[in-house]
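The structure appears right after this line, and notes come after that.
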Amino acid sequence: MLRMNRPAVGARSPVGDLDPTAILDAVSVRRIQDAVEYLASDPCAGRQVGSPGAAAGRQYLEIELRRLGAQVRVEEFPVDGVPRLGASPDVFWSDGHTEVGLAHRRDVVEHLASADLPEPHRGRLTTPDQPQGRGGWLLPRAGMPLGDATALAVTTGAHGLVVPRGTDAEGWMPKMLAGPAPGPLPVIAVRADVHEQFQHAVSAGHGAWLQAQVPQRRVAVTAANLHAQLTGGDGVEVLLTAHYDGVGDDPGQRLPAASDNATGVAVVLEVARLLSRHPIPGLRVQAAFLDGEEVGATGSAHHASQLAAAGAAPLVINVDGAGHLADSIAVEAGGPADALLQALDQAGRRTRISLSAGPMASDNRRYAAAGLAAIGLGAGMPGYHTPADTPDRVEADTLTTMARLVLATVWQLATLPDTVSSLIGDRR
């Protein structure tokens, strides 16, 4: 059980008998859509941590928060080892008869464990069963661990590895920034069926080869969280969070990062706007727009450690994805979150929004790991981390639904009794 500094059971709550309907009905989907469209626009360029695009998105949010009269501060922190493509990968191959080019993010993608490959390298395709001499590209067996494949490639004198990777439902190979550190050899990931074509071509014995150039380096950058004090006074402290960074554009290709996570940011901004205009008695509300989620949730880790060191214990509500509502909004709770789950459950009932327990691998986990009560909310859409994550595919109803749920949850936190029990994963 989680005890809060609340009125005794049966006592009148700080909001009394006030009806939250008016503030819930004030949610503007047009304002939320405007924020999503700007954050996914050309000036923000995919918002990769440490990039001019991320800075543009952060500046926009800072301006909007200051317009609300919020106290705003920017907290910088370093991030090392961010992958950056210097140019779009140039990869093509031959079965010994015909040359075929491979399209970036459709057929081939950079691998985080790859050494830099700034210049083209052509070599024969080989398999563990049919080594073709030094300088080739090794095709590991299905299921072979990358470390074992790398050791084999070094032993046989291969120049690099070509490994299989799946696609999403729309045939894209999503971009990732968090993962293994670069190894000693170039590594290229191709679509699983293309990998099978390579193996068949090697078996045919006609001298299949591959040429690749994938300039990928790791850089150290300065990231920045954006913090805003929305309402002051005494009472329970609530922290609304969403990460504003994306995976960033590819050279010559936009990755707008609309659903992930311009939508979550826009929802929190709308909630911040309404709470600033209509403060809820008994609550102190802050917002944090976080950087570096796509590189291991570094922004929330930085902030959570600060809160823990200061002895602060806000109730954290994190939104990561509000683009597509299927049957329900996914909820993950961590830390001493009984009060949050109670409020969320009641908010879902009030707004007739279905909730279900589901994994939310986002910033909420960093706050929970620091001992804070945290819930993560998500309604992401297909195509995240790809060029398909565009504003036109974001559902207006999902934006409104998520904003109303967050608002109603914050409202319920001001009405909970002194001692609350946990209601988890109510699916209606």
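Here's how to read the names in the structure tokens: chain A, B, ... by the order shown, residue numbers from 1 in each chain, ligand numbers from 1 in the order shown.
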
- Message: With only C-alpha atoms as the counted atoms, please give the residues lying no more than 6 Å from stretch 40-57 of chain A, apart from itself and same-chain residues fewer than 5 positions off, as a list in words.
- Response: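 These residues fall inside the cut-off: Val221, Thr222, Ala223, Asp245, Gly246, Val247, Gly248, Asp249, Leu255, Pro256, Ala257, Ala258 and Gly292 of chain A.
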
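The smallest atom-to-atom distance between A:Ala70 and any of A:His206, A:Arg366, A:Arg217, A:His227, using only C-alpha atoms, is found for A:His227.
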
- As a check of understanding: the span from atom CA of A:Thr409 to atom CA of A:Glu37 is 26.1 Å

- Task: Could you tell me, as a ChimeraX atom specification, which residues of stretch 279-425 of chain A DSSP assigns to strand (DSSP E or B) when given the backbone?
- Result: /A:283-290,315-322,329-334,355-357,374-379,419-420

- Message: Taking 5 positions as the minimum chain separation for residues in the same chain, which residues sit within 10 Å of A:Ala312 when counting only C-alpha atoms? Answer as a PyMOL selection string.
- Response: chain A and resi 237+304+306-307+372

Keeping only N, CA, C and O atoms, write those residues as an mmCIF file, in the first residue's frame.
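Produced file result03.cif, reproduced below:
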```cif
data_model
loop_
_atom_site.group_PDB
_atom_site.id
_atom_site.type_symbol
_atom_site.label_atom_id
_atom_site.label_comp_id
_atom_site.auth_asym_id
_atom_site.auth_seq_id
_atom_site.Cartn_x
_atom_site.Cartn_y
_atom_site.Cartn_z
ATOM 1 N N GLU A 237 2.954 15.792 -5.826
ATOM 2 C CA GLU A 237 3.726 16.241 -6.982
ATOM 3 C C GLU A 237 3.571 15.239 -8.120
ATOM 4 O O GLU A 237 3.804 14.033 -7.949
ATOM 5 N N ALA A 304 16.143 10.960 -13.469
ATOM 6 C CA ALA A 304 15.745 10.116 -12.341
ATOM 7 C C ALA A 304 16.814 10.109 -11.252
ATOM 8 O O ALA A 304 16.499 10.128 -10.052
ATOM 9 N N GLN A 306 18.860 12.509 -10.601
ATOM 10 C CA GLN A 306 18.794 13.809 -9.931
ATOM 11 C C GLN A 306 17.668 13.842 -8.897
ATOM 12 O O GLN A 306 17.846 14.349 -7.784
ATOM 13 N N LEU A 307 16.507 13.336 -9.275
ATOM 14 C CA LEU A 307 15.369 13.316 -8.359
ATOM 15 C C LEU A 307 15.681 12.458 -7.136
ATOM 16 O O LEU A 307 15.375 12.846 -6.004
ATOM 17 N N LEU A 372 10.906 5.476 -8.022
ATOM 18 C CA LEU A 372 9.754 6.361 -8.132
ATOM 19 C C LEU A 372 8.542 5.605 -8.665
ATOM 20 O O LEU A 372 8.675 4.643 -9.422
#
```

With only C-alpha atoms counted and 6 Å as the cut-off, give the residues of stretch 255-366 of chain A in contact with stretch 377-383 of chain A, each with its shortest interatomic distance in Å and the pair that gives it, as a Markdown table.
```
| residue | atom | partner | partner_atom | distance |
| --- | --- | --- | --- | --- |
| A:Val319 | CA | A:Leu377 | CA | 4.9 |
| A:Asp320 | CA | A:Gly378 | CA | 5.2 |
| A:Gly321 | CA | A:Gly380 | CA | 4.3 |
| A:Ala322 | CA | A:Ala379 | CA | 4.6 |
| A:Gly323 | CA | A:Gly380 | CA | 5.2 |
| A:His324 | CA | A:Met381 | CA | 4.8 |
| A:Leu325 | CA | A:Ala379 | CA | 5.3 |
| A:Ile329 | CA | A:Ala379 | CA | 5.5 |
| A:Ala330 | CA | A:Gly378 | CA | 5.2 |
| A:Val331 | CA | A:Leu377 | CA | 5.0 |
```

- Item | Surrounding residues of A:Val72 excluding itself and chain neighbours under 6 positions, 8 Å, only C-alpha atoms, as a VMD selection string | chain A and resid 62 65 to 66 226 to 229
